[in-house]
>>> print(open('work24.txt').read())   # compact mmCIF, C-alpha atoms
# COMPACT_ATOMS: atom_id res chain seq x y z
CA MET A 26 63.61 59.90 23.95
CA ALA A 27 65.46 63.04 25.00
CA VAL A 28 62.35 65.08 24.28
CA ASN A 29 60.33 62.72 26.45
CA LEU A 30 62.87 63.05 29.23
CA PHE A 31 62.74 66.83 29.26
CA LEU A 32 58.99 66.89 28.85
CA SER A 33 58.59 64.71 31.93
CA ALA A 34 61.04 66.92 33.84
CA LEU A 35 58.90 69.89 32.83
CA TYR A 36 55.75 68.16 34.09
CA ALA A 37 57.51 67.31 37.35
CA GLY A 38 58.67 70.90 37.75
CA LEU A 39 55.16 72.27 37.18
CA SER A 40 53.72 69.74 39.60
CA VAL A 41 56.30 70.75 42.22
CA LEU A 42 55.31 74.38 41.62
CA GLY A 43 51.75 73.46 42.54
CA PHE A 44 52.89 71.67 45.67
CA ALA A 45 55.12 74.58 46.65
CA VAL A 46 52.04 76.82 46.70
CA LEU A 47 50.22 74.29 48.89
CA PHE A 48 53.20 74.49 51.27
CA ASN A 49 52.87 78.29 51.22
CA ILE A 50 56.37 78.89 49.94
CA PRO A 51 57.54 82.53 49.77
CA ARG A 52 56.74 83.76 46.28
CA ARG A 53 60.31 84.69 45.40
CA SER A 54 61.39 81.06 45.98
CA LEU A 55 58.61 79.49 43.93
CA LEU A 56 60.46 79.05 40.65
CA TRP A 57 63.61 77.80 42.34
CA ALA A 58 61.68 75.08 44.12
CA GLY A 59 60.15 74.03 40.80
CA LEU A 60 63.60 73.90 39.26
CA CYS A 61 64.85 71.72 42.10
CA GLY A 62 61.97 69.30 41.56
CA ALA A 63 62.55 69.19 37.82
CA ALA A 64 66.25 68.50 38.34
CA GLY A 65 65.46 65.65 40.73
CA TRP A 66 62.99 64.03 38.35
CA LEU A 67 65.39 64.44 35.42
CA VAL A 68 68.09 62.57 37.35
CA PHE A 69 65.56 59.91 38.34
CA ARG A 70 64.38 59.29 34.80
CA LEU A 71 67.90 59.40 33.45
CA CYS A 72 69.12 56.83 35.98
CA SER A 73 66.09 54.60 35.40
CA SER A 74 66.55 54.66 31.66
CA LEU A 75 70.22 53.78 32.11
CA GLY A 76 69.09 50.71 34.02
CA ALA A 77 69.51 51.81 37.65
CA GLU A 78 67.31 50.06 40.18
CA LEU A 79 64.57 51.85 42.08
CA ALA A 80 66.63 52.50 45.20
CA ALA A 81 69.71 53.73 43.34
CA ALA A 82 67.71 56.01 41.04
CA ASN A 83 65.79 57.50 43.95
CA PHE A 84 68.96 57.96 45.95
CA LEU A 85 70.77 59.83 43.20
CA ALA A 86 67.72 61.91 42.40
CA ALA A 87 67.18 62.90 46.03
CA LEU A 88 70.88 63.67 46.34
CA ALA A 89 70.55 65.99 43.35
CA VAL A 90 67.55 67.71 44.96
CA GLY A 91 69.38 67.99 48.28
CA LEU A 92 72.51 69.48 46.74
CA CYS A 93 70.48 71.89 44.60
CA GLY A 94 68.64 72.91 47.76
CA GLU A 95 71.84 73.47 49.72
CA VAL A 96 73.42 75.51 46.94
CA LEU A 97 70.26 77.62 46.62
CA ALA A 98 70.17 78.02 50.40
CA LEU A 99 73.70 79.40 50.32
CA LEU A 100 73.07 81.70 47.37
CA ARG A 101 69.72 83.00 48.56
CA ARG A 102 70.31 82.89 52.32
CA GLN A 103 67.18 80.88 53.00
CA PRO A 104 66.80 77.49 54.72
CA ALA A 105 67.47 74.57 52.37
CA THR A 106 64.19 72.97 53.48
CA LEU A 107 62.38 75.56 51.40
CA PHE A 108 63.69 73.94 48.23
CA ILE A 109 64.10 70.37 49.39
CA VAL A 110 60.60 69.70 50.75
CA PRO A 111 58.80 70.59 47.50
CA GLY A 112 61.69 69.25 45.40
CA ILE A 113 61.48 65.67 46.64
CA ILE A 114 57.72 65.47 46.12
CA PRO A 115 57.84 63.59 42.79
CA LEU A 116 60.14 60.97 44.33
CA VAL A 117 58.60 60.52 47.73
CA PRO A 118 56.57 57.30 48.26
CA GLY A 119 53.33 58.80 49.53
CA TYR A 120 51.34 56.91 46.94
CA GLY A 121 53.29 53.74 47.77
CA LEU A 122 52.29 54.02 51.42
CA TYR A 123 48.68 54.57 50.41
CA ARG A 124 48.82 51.63 48.02
CA SER A 125 50.26 49.27 50.62
CA VAL A 126 47.39 50.04 52.97
CA TYR A 127 44.91 49.82 50.11
CA LEU A 128 46.23 46.36 49.22
CA ILE A 129 45.97 45.32 52.87
CA ILE A 130 42.29 46.23 52.99
CA SER A 131 41.88 44.43 49.66
CA GLU A 132 43.39 41.36 51.38
CA ASP A 133 46.12 41.10 48.77
CA TRP A 134 48.86 40.15 51.24
CA PRO A 135 51.78 39.54 48.85
CA GLY A 136 51.00 42.74 46.95
CA ALA A 137 50.76 44.70 50.20
CA MET A 138 54.09 43.28 51.38
CA ALA A 139 55.80 44.20 48.13
CA ALA A 140 54.34 47.72 48.10
CA GLY A 141 55.16 48.19 51.77
CA PHE A 142 58.78 47.13 51.42
CA GLU A 143 59.17 49.31 48.37
CA THR A 144 57.75 52.28 50.28
CA VAL A 145 60.12 51.77 53.21
CA LEU A 146 63.10 51.32 50.92
CA VAL A 147 62.38 54.43 48.85
CA ALA A 148 61.67 56.59 51.91
CA LEU A 149 64.88 55.33 53.50
CA VAL A 150 67.12 56.13 50.53
CA ILE A 151 65.55 59.57 50.08
CA ALA A 152 66.03 60.41 53.76
CA THR A 153 69.61 59.15 53.56
CA ALA A 154 70.34 61.26 50.50
CA ILE A 155 68.91 64.40 52.12
CA LEU A 156 70.91 63.84 55.30
CA LEU A 157 74.02 63.23 53.24
CA SER A 158 73.59 66.42 51.25
CA THR A 159 73.07 68.40 54.47
CA ALA A 160 76.21 66.85 55.91
CA LEU A 161 78.17 67.63 52.75
CA ALA A 162 76.96 71.23 52.83
CA ARG A 163 78.04 71.57 56.46
CA ILE A 164 81.46 70.08 55.77
CA SER A 165 82.08 72.31 52.76
CA GLY A 166 80.74 75.29 54.71
CA ARG A 167 83.29 74.56 57.42
CA ILE A 168 86.07 74.35 54.85
CA PHE A 169 85.11 77.54 53.04
CA ARG A 170 84.21 79.37 56.28
CA ARG A 171 80.81 80.45 55.10
CA VAL A 172 78.94 79.15 58.15
CA PRO A 173 79.91 80.51 61.55
CA LYS A 174 80.82 77.76 63.99
CA PRO A 175 77.86 77.27 66.36
CA LYS A 176 78.61 78.27 69.94
CA LYS A 177 77.32 75.84 72.53
CA ASN A 178 78.02 75.85 76.22
CA LEU A 179 77.11 72.34 77.22
CA ILE A 180 78.61 72.47 80.70
CA MET B 3 57.26 90.53 81.50
CA HIS B 4 59.59 93.31 80.50
CA ASP B 5 61.21 93.82 83.90
CA ASP B 6 63.04 90.47 83.75
CA PRO B 7 65.11 90.28 80.54
CA ALA B 8 65.84 86.58 81.06
CA ALA B 9 62.16 85.68 81.27
CA ASP B 10 61.51 87.80 78.23
CA ALA B 11 64.23 85.99 76.29
CA VAL B 12 62.75 82.62 77.27
CA ASN B 13 59.28 83.67 76.20
CA LEU B 14 60.55 85.02 72.91
CA ALA B 15 62.58 81.93 72.11
CA LEU B 16 59.68 79.62 72.90
CA ALA B 17 57.23 81.70 70.90
CA ALA B 18 59.57 81.55 67.90
CA GLY B 19 60.15 77.81 68.34
CA ARG B 20 56.46 77.12 68.69
CA LEU B 21 55.68 79.08 65.56
CA MET B 22 58.26 77.04 63.65
CA LEU B 23 57.10 73.69 65.00
CA ALA B 24 53.43 74.41 64.31
CA ASN B 25 54.33 75.18 60.71
CA GLY B 26 56.29 72.04 59.99
CA GLY B 27 59.83 73.07 60.99
CA GLU B 28 62.21 70.16 61.45
CA THR B 29 62.87 69.00 65.00
CA TYR B 30 66.55 69.90 64.99
CA ARG B 31 65.86 73.33 63.54
CA VAL B 32 63.30 74.16 66.23
CA GLU B 33 65.56 72.93 69.04
CA GLU B 34 68.55 74.80 67.63
CA THR B 35 66.56 78.02 67.21
CA ILE B 36 65.31 77.95 70.78
CA GLU B 37 68.76 77.13 72.18
CA LEU B 38 70.58 79.80 70.20
CA MET B 39 68.00 82.46 71.02
CA CYS B 40 68.21 81.62 74.72
CA LEU B 41 71.99 81.69 74.70
CA ALA B 42 71.82 85.09 73.02
CA GLY B 43 69.57 86.17 75.91
CA LYS B 44 72.29 85.26 78.43
CA LEU B 45 70.62 82.12 79.70
CA GLU B 46 72.56 79.09 80.84
CA GLN B 47 72.04 75.34 80.87
CA VAL B 48 69.53 75.59 78.09
CA GLN B 49 67.89 72.27 77.35
CA CYS B 50 65.20 71.83 74.78
CA PHE B 51 63.40 68.70 73.61
CA CYS B 52 60.94 68.85 70.76
CA ILE B 53 58.45 66.37 69.40
CA PRO B 54 55.77 67.12 66.82
CA THR B 55 53.18 67.59 69.56
CA GLY B 56 55.12 69.61 72.08
CA ILE B 57 58.21 71.34 73.42
CA PHE B 58 59.90 70.60 76.75
CA PHE B 59 62.27 73.27 77.92
CA SER B 60 64.40 74.26 80.85
CA ALA B 61 67.09 76.88 81.41
CA SER B 62 68.46 79.05 84.15
CA SER B 63 69.53 82.65 84.49
CA ASP B 64 71.52 84.27 87.34
CA SER B 65 68.49 84.69 89.51
CA ARG B 66 66.06 81.89 88.67
CA ASP B 67 65.27 78.67 86.81
CA PHE B 68 62.81 78.29 83.98
CA SER B 69 60.89 75.23 82.95
CA ARG B 70 58.20 75.19 80.33
CA VAL B 71 56.08 72.64 78.54
CA ILE B 72 54.25 73.64 75.38
CA ARG B 73 51.56 71.43 73.95
CA LEU B 74 50.87 71.57 70.25
CA ARG B 75 48.28 69.93 68.08
CA GLY B 76 48.43 69.41 64.38
CA ALA B 77 51.17 70.93 62.26
CA ALA B 78 50.72 72.05 58.68
CA ILE B 79 53.69 72.77 56.47
CA ASP B 80 54.12 76.51 55.90
CA LEU B 81 57.50 77.18 54.38
CA GLU B 82 57.13 80.95 54.43
CA ILE B 83 56.78 81.02 58.21
CA ILE B 84 59.80 78.73 58.62
CA ASP B 85 61.82 81.08 56.43
CA LEU B 86 60.64 84.18 58.31
CA VAL B 87 61.26 82.75 61.78
CA ASN B 88 64.67 81.52 60.66
CA ASN B 89 65.54 85.03 59.50
CA PHE B 90 64.11 86.54 62.65
CA ALA B 91 66.17 84.21 64.87
CA ARG B 92 69.34 85.14 63.00
CA GLN B 93 68.70 88.86 63.44
CA TYR B 94 67.80 88.40 67.08
CA THR B 95 70.88 86.33 67.96
CA GLU B 96 73.07 88.87 66.19
CA GLY B 97 71.59 91.49 68.51
CA HIS B 98 69.80 93.62 65.92
CA LEU B 99 66.44 93.60 67.73
CA ASP B 100 65.36 94.82 71.15
CA SER B 101 62.55 93.13 73.03
CA ALA B 102 59.68 95.26 71.76
CA GLN B 103 60.86 95.02 68.15
CA ALA B 104 61.29 91.28 68.49
CA TRP B 105 57.75 90.74 69.79
CA GLN B 106 56.37 92.94 67.06
CA ALA B 107 58.32 90.98 64.45
CA LEU B 108 56.97 87.67 65.77
CA ARG B 109 53.41 88.96 65.75
CA ASP B 110 53.89 90.09 62.15
CA ILE B 111 55.24 86.67 61.20
CA GLU B 112 52.27 84.94 62.79
CA ARG B 113 49.97 87.06 60.67
CA ALA B 114 51.91 86.41 57.46
CA PRO B 115 49.39 85.93 54.65
CA ARG B 116 48.59 82.48 53.32
CA PHE B 117 47.39 81.66 49.84
CA ASN B 118 43.58 81.60 49.89
CA THR B 119 41.45 78.56 49.17
CA PRO B 120 40.75 79.27 45.45
CA THR B 121 44.47 79.73 44.80
CA ARG B 122 45.31 76.61 46.79
CA SER B 123 42.67 74.62 44.91
CA PHE B 124 43.99 75.79 41.58
CA PHE B 125 47.57 74.86 42.40
CA ALA B 126 46.52 71.54 43.94
CA GLY B 127 44.91 70.93 40.58
CA VAL B 128 48.13 71.86 38.78
CA ALA B 129 50.13 69.55 41.04
CA ALA B 130 47.70 66.67 40.54
CA GLY B 131 47.23 67.20 36.81
CA PHE B 132 50.91 67.15 35.96
CA PHE B 133 51.40 64.19 38.24
CA ALA B 134 48.76 62.30 36.28
CA LEU B 135 50.80 63.10 33.16
CA LEU B 136 53.94 61.74 34.82
CA TYR B 137 52.10 58.50 35.52
CA GLY B 138 51.15 57.93 31.92
CA GLY B 139 48.05 60.07 31.69
CA THR B 140 47.10 62.25 28.73
CA LEU B 141 44.86 65.30 28.37
CA PRO B 142 41.60 63.72 29.65
CA GLU B 143 43.39 62.35 32.73
CA PHE B 144 45.03 65.73 33.28
CA CYS B 145 41.65 67.45 33.30
CA ALA B 146 40.00 64.86 35.54
CA ALA B 147 42.87 64.86 38.04
CA PHE B 148 43.00 68.67 38.00
CA LEU B 149 39.30 69.06 38.76
CA THR B 150 39.17 66.23 41.29
CA SER B 151 42.10 67.54 43.26
CA ALA B 152 40.90 71.14 43.15
CA LEU B 153 37.48 70.11 44.45
CA VAL B 154 38.92 67.88 47.16
CA THR B 155 41.33 70.59 48.33
CA ALA B 156 38.54 73.13 48.52
CA GLY B 157 36.44 70.63 50.47
CA LEU B 158 39.23 69.71 52.88
CA ASP B 159 40.12 73.37 53.49
CA ARG B 160 36.54 73.79 54.65
CA LEU B 161 36.52 70.52 56.59
CA VAL B 162 39.56 71.54 58.68
CA LEU B 163 37.30 74.02 60.46
CA PHE B 164 34.89 71.36 61.70
CA VAL B 165 36.80 68.09 62.02
CA ARG B 166 39.74 68.07 64.39
CA SER B 167 40.93 64.51 63.87
CA TYR B 168 43.42 64.15 61.02
CA TYR B 169 42.34 60.51 60.70
CA ILE B 170 38.67 61.29 60.14
CA ARG B 171 39.68 64.07 57.76
CA SER B 172 41.75 61.58 55.77
CA ILE B 173 38.84 59.15 55.55
CA LEU B 174 36.45 61.87 54.43
CA GLY B 175 39.03 63.20 51.97
CA GLY B 176 39.41 59.71 50.52
CA VAL B 177 35.64 59.27 50.18
CA LEU B 178 35.29 62.64 48.47
CA LEU B 179 38.22 62.00 46.16
CA ALA B 180 37.09 58.56 45.04
CA THR B 181 33.52 59.75 44.48
CA VAL B 182 34.54 62.70 42.35
CA ALA B 183 37.09 60.66 40.39
CA LEU B 184 34.47 57.97 39.70
CA LEU B 185 31.99 60.57 38.49
CA PHE B 186 34.58 61.90 36.06
CA ALA B 187 35.33 58.36 34.89
CA ARG B 188 31.61 57.78 34.21
CA LEU B 189 31.39 61.12 32.47
CA GLY B 190 34.39 60.17 30.36
CA VAL B 191 32.73 56.93 29.30
CA LEU B 192 29.48 58.74 28.45
CA LEU B 193 31.36 61.30 26.35
CA GLY B 194 33.32 58.55 24.60
CA TRP B 195 36.53 59.64 26.30
CA PRO B 196 37.49 56.66 28.49
CA LEU B 197 39.97 57.54 31.25
CA GLN B 198 42.96 55.65 32.57
CA PHE B 199 41.46 55.61 36.01
CA ASP B 200 44.73 54.78 37.80
CA ALA B 201 46.51 57.88 36.48
CA VAL B 202 43.62 60.06 37.67
CA ILE B 203 43.67 58.48 41.13
CA VAL B 204 47.46 58.76 41.49
CA GLY B 205 47.44 62.39 40.45
CA ALA B 206 44.51 63.43 42.59
CA LEU B 207 45.86 61.54 45.62
CA MET B 208 49.31 63.11 45.48
CA PRO B 209 48.48 66.34 47.34
CA LEU B 210 46.92 64.32 50.17
CA VAL B 211 49.16 61.31 50.74
CA PRO B 212 51.86 61.64 53.40
CA GLY B 213 54.95 61.24 51.24
CA VAL B 214 56.86 64.15 52.73
CA ALA B 215 55.73 63.10 56.20
CA ILE B 216 57.15 59.59 55.94
CA THR B 217 60.44 60.88 54.51
CA ASN B 218 60.75 63.49 57.26
CA ALA B 219 59.97 60.79 59.83
CA LEU B 220 62.85 58.65 58.60
CA ARG B 221 65.08 61.70 58.42
CA ASP B 222 64.37 62.41 62.10
CA ILE B 223 65.02 58.81 63.10
CA LEU B 224 68.26 58.71 61.14
CA SER B 225 69.50 61.92 62.75
CA GLY B 226 68.80 60.61 66.25
CA ASP B 227 65.48 62.30 67.00
CA TYR B 228 63.84 58.94 67.63
CA VAL B 229 60.70 59.99 69.49
CA SER B 230 59.95 62.72 67.00
CA GLY B 231 60.59 60.38 64.08
CA VAL B 232 58.39 57.61 65.41
CA SER B 233 55.50 59.97 66.08
CA LYS B 234 55.76 61.40 62.57
CA LEU B 235 55.91 57.87 61.19
CA SER B 236 52.74 56.86 63.00
CA GLU B 237 50.96 59.96 61.76
CA ALA B 238 52.03 59.23 58.17
CA VAL B 239 50.88 55.61 58.40
CA PHE B 240 47.48 56.50 59.79
CA ILE B 241 46.89 59.24 57.24
CA ALA B 242 47.52 56.58 54.60
CA VAL B 243 45.19 54.16 56.42
CA GLY B 244 42.45 56.79 56.52
CA MET B 245 42.82 57.59 52.85
CA ALA B 246 42.86 53.95 51.82
CA LEU B 247 39.76 53.25 53.90
CA GLY B 248 37.96 56.25 52.44
CA THR B 249 38.75 55.54 48.81
CA GLY B 250 38.45 51.78 49.37
CA VAL B 251 34.88 51.94 50.62
CA VAL B 252 33.75 54.02 47.66
CA LEU B 253 35.69 52.14 44.98
CA LYS B 254 34.64 48.71 46.20
CA VAL B 255 30.99 49.62 46.55
CA ALA B 256 31.07 51.24 43.12
CA TRP B 257 32.75 48.20 41.56
CA ALA B 258 30.07 45.93 42.95
CA TRP B 259 27.39 48.30 41.80
CA LEU B 260 28.54 49.17 38.28
>>> encode(input="work24.txt", output="structure tokens")
Amino acid sequence: MAVNLFLSALYAGLSVLGFAVLFNIPRRSLLWAGLCGAAGWLVFRLCSSLGAELAAANFLAALAVGLCGEVLALLRRQPATLFIVPGIIPLVPGYGLYRSVYLIISEDWPGAMAAGFETVLVALVIATAILLSTALARISGRIFRRVPKPKKNLI
Amino acid sequence: MHDDPAADAVNLALAAGRLMLANGGETYRVEETIELMCLAGKLEQVQCFCIPTGIFFSASSDSRDFSRVIRLRGAAIDLEIIDLVNNFARQYTEGHLDSAQAWQALRDIERAPRFNTPTRSFFAGVAAGFFALLYGGTLPEFCAAFLTSALVTAGLDRLVLFVRSYYIRSILGGVLLATVALLFARLGVLLGWPLQFDAVIVGALMPLVPGVAITNALRDILSGDYVSGVSKLSEAVFIAVGMALGTGVVLKVAWAWL
């Protein structure tokens, strides 16, 4: 069980590594992005095996990826996107979106509806988790004075 | 260009923003970069509105007003360029670069090397292969997904040069992918190594389906960049439509035929 869990996290990390190259990530960030992805998938599988529903598991996993990304961004002085975009790949419902359209052209309406709703739900919780982690990073940055306050002259 | 520092600052900021947007930078990041760079160049009333296909901009200096529209087509995600421009903008706003240095830095960033097609194919294969494993595949599925995805990526990298429409590219990518995957499935049967076809398809599709795009679209909508979010959403949906049509045609014909 535990071996399976870590093996699947390893697969996810290696897959994310591949994606990171497709996204032309700077080489020195490659391994970190893979680690982020593996962490996210580990949380996802862990939550699923503990009985969490799809939305909850995806939310927590994406939150883990987002927080990992923000911490790495702070430590390595690079944008968090660098780690988050490849890191959420195993969670993101690209295949779900494809499958909903595929079921539509197969005229399987109930199946298409189910796949479509699932896609929207998963994308929504992942986006929420990423926004939340960004917000948390900004709040903590404000508290610890790591991020200079942006100057804006609106008027 | 160099006699008016305000105009130079505007041009620099927009060049940096454009570079970011064309390489998949988030809407808020592009807008923020342009605004901060302009403010560092002593411009006032800086307004910037970004959507995936363009930038609308206006600002004023002591002597004149600026308004610019930049039209963009087709963004591909390039994280290295986002990182470099981000760094560049920070150095520029902190005043470490003069105009000539800044332009040189931007030109260097634009020419930053990309991974070449063989490398990209190999890593697309890695991404797809391990994804097939995640979805219940074993060694044969890994190999089939690896080869399918590598071939499709190589093909699509070539296709980008001829076909401008992302929709047509998605359809052709789907056709290619389903054909290759089916051939491997047949080969597997002939060799006495039957494949779990679904795992192969999921794995090989992963590098092409718009998962990141749909998540980014929702992220934009949820942070209040509605126009940007909706346009990204429509792109994601129609990439998926193209892929489903492409694979669908092949798979359904093959099913009827086999």
>>> interface_residues(input="work24.txt", of="chain B", to="chain A", cutoff="8 Å", atoms="only C-alpha atoms", output="PyMOL selection string")
chain B and resi 46-47+79-82+85+88-89+116-117+122+125-133+135-136+204+207-209+211-214+216-218+220-221+224-225+239+242-243+245-247+250
>>> closest_residue(input="work24.txt", among="B:Arg92, B:Leu141, B:Asp159, B:Ala102", to="B:Thr119", atoms="all atoms listed in the file")
B:Asp159
>>> residues_around(input="work24.txt", residues="B:Gly190", least_positions_apart="5", cutoff="10 Å", atoms="all atoms listed in the file", output="PyMOL selection string")
chain B and resi 142-143+146+184-185+195-198
>>> atom_distance(input="work24.txt", atom1="atom CA of B:Lys44", atom2="atom CA of B:Leu99")
14.8 Å
>>> atom_distance(input="work24.txt", atom1="atom CA of B:Leu16", atom2="atom CA of B:Glu28")
15.1 Å
>>> atom_distance(input="work24.txt", atom1="atom CA of B:Ala17", atom2="atom CA of B:Ala215")
23.8 Å
>>> residues_around(input="work24.txt", residues="B:Ser69", least_positions_apart="2", cutoff="10 Å", atoms="all atoms listed in the file", output="NGL selection string")
:B and (12 or 48-50 or 58-62 or 67 or 71)
>>> residues_around(input="work24.txt", residues="B:Ser233", least_positions_apart="2", cutoff="8 Å", atoms="only C-alpha atoms", output="PyMOL selection string")
chain B and resi 53-54+219+229-231+235-237
>>> closest_residue(input="work24.txt", among="A:Leu99, A:Ile109, A:Ala162, A:Glu143", to="A:Ala64", atoms="all atoms listed in the file")
A:Ile109
>>> residues_around(input="work24.txt", residues="B:Val252", least_positions_apart="5", cutoff="8 Å", atoms="only C-alpha atoms", output="PyMOL selection string")
chain B and resi 177+180-181
>>> residues_around(input="work24.txt", residues="B:Ile36", least_positions_apart="4", cutoff="8 Å", atoms="all atoms listed in the file", output="JSON, numbers by chain")
{"B": [15, 16, 18, 19, 32, 40, 50]}
>>> closest_residue(input="work24.txt", among="A:Ala140, A:Ile168, A:Arg101, A:Ser74", to="A:Arg53", atoms="all atoms listed in the file")
A:Arg101
>>> closest_residue(input="work24.txt", among="A:Leu79, A:Leu60, A:Leu100, A:Leu30", to="A:Phe142", atoms="only C-alpha atoms")
A:Leu79
>>> decode(input="work24.txt", residues="stretch 103-122 of chain A", atoms="N, CA and C atoms", output="PDB file, in the first residue's frame")
ATOM      1  N   GLN A 103      12.158  33.035  -7.736  1.00  0.00           N
ATOM      2  CA  GLN A 103      11.613  32.857  -9.079  1.00  0.00           C
ATOM      3  C   GLN A 103      10.089  32.913  -8.961  1.00  0.00           C
ATOM      4  N   PRO A 104       9.370  33.206 -10.049  1.00  0.00           N
ATOM      5  CA  PRO A 104       7.908  33.242  -9.938  1.00  0.00           C
ATOM      6  C   PRO A 104       7.357  31.874  -9.552  1.00  0.00           C
ATOM      7  N   ALA A 105       6.318  31.867  -8.722  1.00  0.00           N
ATOM      8  CA  ALA A 105       5.737  30.605  -8.264  1.00  0.00           C
ATOM      9  C   ALA A 105       5.130  29.804  -9.416  1.00  0.00           C
ATOM     10  N   THR A 106       4.686  30.520 -10.455  1.00  0.00           N
ATOM     11  CA  THR A 106       4.123  29.848 -11.638  1.00  0.00           C
ATOM     12  C   THR A 106       5.035  28.762 -12.168  1.00  0.00           C
ATOM     13  N   LEU A 107       6.333  29.006 -12.088  1.00  0.00           N
ATOM     14  CA  LEU A 107       7.318  28.064 -12.609  1.00  0.00           C
ATOM     15  C   LEU A 107       7.139  26.672 -12.022  1.00  0.00           C
ATOM     16  N   PHE A 108       6.723  26.624 -10.760  1.00  0.00           N
ATOM     17  CA  PHE A 108       6.571  25.333 -10.094  1.00  0.00           C
ATOM     18  C   PHE A 108       5.123  24.877 -10.102  1.00  0.00           C
ATOM     19  N   ILE A 109       4.205  25.849 -10.116  1.00  0.00           N
ATOM     20  CA  ILE A 109       2.790  25.482  -9.995  1.00  0.00           C
ATOM     21  C   ILE A 109       2.245  24.926 -11.307  1.00  0.00           C
ATOM     22  N   VAL A 110       2.584  25.583 -12.433  1.00  0.00           N
ATOM     23  CA  VAL A 110       2.012  25.127 -13.714  1.00  0.00           C
ATOM     24  C   VAL A 110       2.370  23.669 -14.010  1.00  0.00           C
ATOM     25  N   PRO A 111       3.653  23.259 -13.932  1.00  0.00           N
ATOM     26  CA  PRO A 111       3.910  21.834 -14.137  1.00  0.00           C
ATOM     27  C   PRO A 111       3.368  20.984 -12.987  1.00  0.00           C
ATOM     28  N   GLY A 112       3.395  21.531 -11.768  1.00  0.00           N
ATOM     29  CA  GLY A 112       3.021  20.733 -10.598  1.00  0.00           C
ATOM     30  C   GLY A 112       1.577  20.279 -10.587  1.00  0.00           C
ATOM     31  N   ILE A 113       0.666  21.102 -11.151  1.00  0.00           N
ATOM     32  CA  ILE A 113      -0.746  20.709 -11.099  1.00  0.00           C
ATOM     33  C   ILE A 113      -1.133  19.781 -12.245  1.00  0.00           C
ATOM     34  N   ILE A 114      -0.195  19.548 -13.163  1.00  0.00           N
ATOM     35  CA  ILE A 114      -0.525  18.738 -14.345  1.00  0.00           C
ATOM     36  C   ILE A 114      -1.216  17.405 -14.025  1.00  0.00           C
ATOM     37  N   PRO A 115      -0.723  16.614 -13.068  1.00  0.00           N
ATOM     38  CA  PRO A 115      -1.394  15.328 -12.846  1.00  0.00           C
ATOM     39  C   PRO A 115      -2.825  15.485 -12.344  1.00  0.00           C
ATOM     40  N   LEU A 116      -3.157  16.641 -11.772  1.00  0.00           N
ATOM     41  CA  LEU A 116      -4.491  16.823 -11.203  1.00  0.00           C
ATOM     42  C   LEU A 116      -5.485  17.390 -12.202  1.00  0.00           C
ATOM     43  N   VAL A 117      -4.968  18.215 -13.065  1.00  0.00           N
ATOM     44  CA  VAL A 117      -5.775  19.067 -13.927  1.00  0.00           C
ATOM     45  C   VAL A 117      -6.658  18.250 -14.879  1.00  0.00           C
ATOM     46  N   PRO A 118      -7.918  18.684 -15.118  1.00  0.00           N
ATOM     47  CA  PRO A 118      -8.866  17.827 -15.842  1.00  0.00           C
ATOM     48  C   PRO A 118      -8.829  17.983 -17.345  1.00  0.00           C
ATOM     49  N   GLY A 119      -7.651  17.998 -17.944  1.00  0.00           N
ATOM     50  CA  GLY A 119      -7.566  18.108 -19.392  1.00  0.00           C
ATOM     51  C   GLY A 119      -8.210  16.912 -20.077  1.00  0.00           C
ATOM     52  N   TYR A 120      -7.921  15.731 -19.527  1.00  0.00           N
ATOM     53  CA  TYR A 120      -8.499  14.527 -20.116  1.00  0.00           C
ATOM     54  C   TYR A 120     -10.012  14.513 -19.907  1.00  0.00           C
ATOM     55  N   GLY A 121     -10.461  15.034 -18.753  1.00  0.00           N
ATOM     56  CA  GLY A 121     -11.899  15.101 -18.500  1.00  0.00           C
ATOM     57  C   GLY A 121     -12.614  15.963 -19.520  1.00  0.00           C
ATOM     58  N   LEU A 122     -12.001  17.106 -19.857  1.00  0.00           N
ATOM     59  CA  LEU A 122     -12.599  17.997 -20.853  1.00  0.00           C
ATOM     60  C   LEU A 122     -12.672  17.285 -22.198  1.00  0.00           C
TER      61      LEU A 122
END
